[in-house]
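Asker: Shown below is the structure under consideration.
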Amino acid sequence: MKVSLIMQTVDASQSSATSSSMIGRHCRNRRRYRHTGDWLWSLYNRALNRPTGRILPGRGKIRPVHVASVDQPLYIRLGTTDWLVLEELFLNDGYGAVLRTLKDARNIVDLGSNIGLSVRLWQKHYPSARITAVEPDEGNFAICQLNVESGENPKRVLVLKTCAAGTSRPVILNRSGGEWGFSMTSPPTPDTLAMQSQTMPEILMQAGDPQQVDLLKCDIEGAEAELFADCGPWIRRMKSIMVELHAPYDKTKFLDDIKRGGGDFDVTTIYESSWNSILLLHAKA
């Protein structure tokens with residue numbers, strides 16, 4: 001989910017000519033916001049995220065953002081990674097490969113929903129779908145609920161505060177990677193507050209036990225390795241999968257797990273590097 005963001009980070013460290021190009025791109029982004037004020041807030045958010053921006057006011061404040069492609073506002077927290085996710089999904093077409101190839105969906109499961117911006121995409125493009133969003137972090141979960149309520153048909157969305165895992169057990173979150181990269185860790189220590197992770201069958205049961213899931217989106221910061229290691233009980237119910245893999249779990253290991261579980265998919269590599277991969281899978285007819 002962070003491919004173009006990686007490129008932005010690389011761009012920022014280049015020559016002054018490249019910096020000028022970045023300024024030009026930020027100026028061109030103005031038309032992608034409904035109001036000049038929203039665009040100006042995007043620039044202020046970048047300032048907040050710089051080391052020197054820690055002295056600026058507003059960090060953590062919840063703010064509505066109006067983008068040209070969505071009727072209702074999106075909600076983010078200033079000075080966090082939230083706006084970067086917004087740009088990735090709504091300005092840089094981060095999930096365009098899904099939207100172009102999946103024309104309709106009745107059931108969607110979104111693992112690692114963060115603040116709900118991916119859910120807002122599904123609400124917009126698949127308004128009749130039943131969506132199950134899974135997000136373990138309390139802060140992200142609250143903003144996710146706010147975004148869901150602002151989107152189309154919010155009553156068709158179920159938001160679960162849990163971790164998706166290969167086994168149900170007490171786990172804790174590693175919050176060192178920024179709001180978009182909280183990861184599951186276990187076992188908890190005696191002085192930490194644990195939550196109960198849930199398996200995919202348990203999540204599907206709460207979603208109404210659909211026999212077909214038209215889209216599984218999975219971005220769970222490394223926990224995908226254990227999730228797909230034992231995917232046999234549910235993988236054949238998935239029709240399309242958008243997954244981000246995190247090293248050391250790579251494309252080869254993932255496809256081996258899928259095959260062993262009985263899945264048969266056409267696979268498109270959206271992005272691949274030494275530390276992560278993004279794949280789009282469609283079940284073969």
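Ligands are numbered from 1 in the order shown, chains are lettered A, B, ... in the order of the structure tokens, and residues start at 1 in each chain.
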What are the closest atom pairs, with distances in Å to one decimal, for all residues of segment 21-131 of chain A lying within 12 Å of segment 249-272 of chain A? Consider only C-alpha atoms, order rows by chain and residue number, and present the result as CSV.
Answerer:
```
residue,atom,partner,partner_atom,distance
A:Gly94,CA,A:Ile270,CA,9.9
A:Tyr95,CA,A:Ile270,CA,9.7
A:Gly96,CA,A:Ile270,CA,10.3
A:Ala97,CA,A:Ile270,CA,8.0
A:Val98,CA,A:Ile270,CA,10.4
A:Thr101,CA,A:Thr268,CA,11.2
```
Asker: Segment 34-161 of chain A: which residues are strand (DSSP E or B) by DSSP, as a VMD selection string?
Answerer: chain A and resid 62 to 65 67 74 to 77 107 to 111 130 to 134 157 to 160
Asker: Name the closest residue to Asp219 of chain A among the candidates A:Lys161, A:Asn49, A:Ala133, A:Gln206; distances are taken between atoms, counting only C-alpha atoms.
Answerer: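 With only C-alpha atoms as the atom set, the closest residue is A:Ala133.
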Asker: Could you pull out all residues of segment 23-224 of chain A with a DSSP call of helix (DSSP H, G or I) and give them as a ChimeraX atom specification?
Answerer: /A:23-32,36-49,51-55,82-91,96-101,117-125,138-150,154-156,200-206,224
Asker: Can you list every residue of segment 77-163 of chain A that has an atom at most 12 Å from segment 26-34 of chain A, with its nearest atom pair and the distance in Å to one decimal, using only C-alpha atoms, ordered by chain then number, as JSON lines?
Answerer:
```
{"residue": "A:Leu86", "atom": "CA", "partner": "A:Tyr33", "partner_atom": "CA", "distance": 11.4}
{"residue": "A:Glu87", "atom": "CA", "partner": "A:Asn29", "partner_atom": "CA", "distance": 9.6}
{"residue": "A:Phe90", "atom": "CA", "partner": "A:Arg32", "partner_atom": "CA", "distance": 8.7}
{"residue": "A:Leu91", "atom": "CA", "partner": "A:Arg32", "partner_atom": "CA", "distance": 6.9}
{"residue": "A:Asn92", "atom": "CA", "partner": "A:Asn29", "partner_atom": "CA", "distance": 10.0}
{"residue": "A:Asp93", "atom": "CA", "partner": "A:Arg32", "partner_atom": "CA", "distance": 11.9}
```
Asker: Point out the residue among A:Ile108, A:Ala247, A:His125, A:Gln196 with the least atom-to-atom distance to Val159 of chain A, counting only C-alpha atoms.
Answerer: A:Ile108
Asker: Mind checking which residues fall within 6 Å of segment 126-130 of chain A, counting only C-alpha atoms, ignoring those fewer than 5 positions away in the same chain, and posting them as a tab-separated table (two decimals) with N, CA and C atoms, in the first residue's frame?
Answerer:
```tsv
chain	number	residue	atom	x	y	z
A	105	ALA	N	-18.90	-6.52	-6.36
A	105	ALA	CA	-18.56	-7.28	-5.16
A	105	ALA	C	-19.75	-7.25	-4.21
A	106	ARG	N	-20.06	-8.41	-3.66
A	106	ARG	CA	-21.14	-8.52	-2.68
A	106	ARG	C	-20.60	-8.66	-1.27
A	107	ASN	N	-19.44	-9.31	-1.13
A	107	ASN	CA	-18.83	-9.50	0.18
A	107	ASN	C	-17.35	-9.14	0.11
A	156	ARG	N	-23.97	-1.35	6.16
A	156	ARG	CA	-23.51	-2.58	5.51
A	156	ARG	C	-22.06	-2.88	5.85
A	157	VAL	N	-21.49	-2.12	6.78
A	157	VAL	CA	-20.10	-2.30	7.17
A	157	VAL	C	-20.02	-2.74	8.63
```
Asker: Need the shell around Gly53 of chain A: protein/DNA/RNA residues with any atom at most 12 Å away, counting only C-alpha atoms. Skip same-chain ones fewer than 3 positions apart. Format as number ranges by chain?
Answerer: A: 43-50, 56-59, 78-80
Asker: Please report the interatomic distance between atom CA of Glu224 of chain A and atom CA of Ile143 of chain A in Å with one decimal.
Answerer: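 Pair atom CA of Glu224 of chain A / atom CA of Ile143 of chain A returns 23.5 Å.
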Asker: Between atom CA of Ile115 of chain A and atom CA of Trp83 of chain A, what is the distance in Å, rounded to a tenth?
Answerer: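 Atom CA of Trp83 of chain A lies at a distance of 10.3 Å from atom CA of Ile115 of chain A.
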Asker: Considering only C-alpha atoms, return as a VMD selection string whatever protein or nucleic-acid residues lie within 7 Å of segment 234-243 of chain A, sequence-local ones (same chain, fewer than 5 positions apart) excluded.
Answerer: chain A and resid 201 211 to 219 261 to 263 278 to 283
Asker: Take the residues from that selection and write them out as a short mmCIF file (atom, residue, chain, number, x, y, z; two decimals), in the first residue's frame, keeping C-alpha atoms.
Answerer:
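Contents of result17.cif, freshly written:
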```cif
data_model
loop_
_atom_site.label_atom_id
_atom_site.label_comp_id
_atom_site.auth_asym_id
_atom_site.auth_seq_id
_atom_site.Cartn_x
_atom_site.Cartn_y
_atom_site.Cartn_z
CA PRO A 201 -12.80 -18.64 10.04
CA GLN A 211 -19.60 -18.85 1.14
CA GLN A 212 -17.97 -16.46 -1.31
CA VAL A 213 -15.80 -13.43 -0.53
CA ASP A 214 -15.42 -11.36 -3.68
CA LEU A 215 -12.46 -9.38 -2.32
CA LEU A 216 -10.03 -10.07 0.50
CA LYS A 217 -7.72 -7.14 1.13
CA CYS A 218 -4.87 -8.06 3.46
CA ASP A 219 -2.28 -5.60 4.78
CA GLY A 261 -4.30 -24.80 0.87
CA GLY A 262 -6.09 -25.65 -2.36
CA GLY A 263 -6.29 -22.19 -3.93
CA ILE A 278 2.02 -6.36 -3.42
CA LEU A 279 0.04 -9.01 -5.30
CA LEU A 280 -3.42 -9.13 -6.86
CA LEU A 281 -4.98 -12.57 -7.26
CA HIS A 282 -8.14 -13.62 -9.10
CA ALA A 283 -9.55 -17.12 -8.76
#
```
Asker: Using atom CA of Ile131 of chain A and atom CA of Ile76 of chain A as the two end points, give the distance in Å to one decimal.
Answerer: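 So the two atoms, atom CA of Ile131 of chain A and atom CA of Ile76 of chain A, lie 20.7 Å apart.
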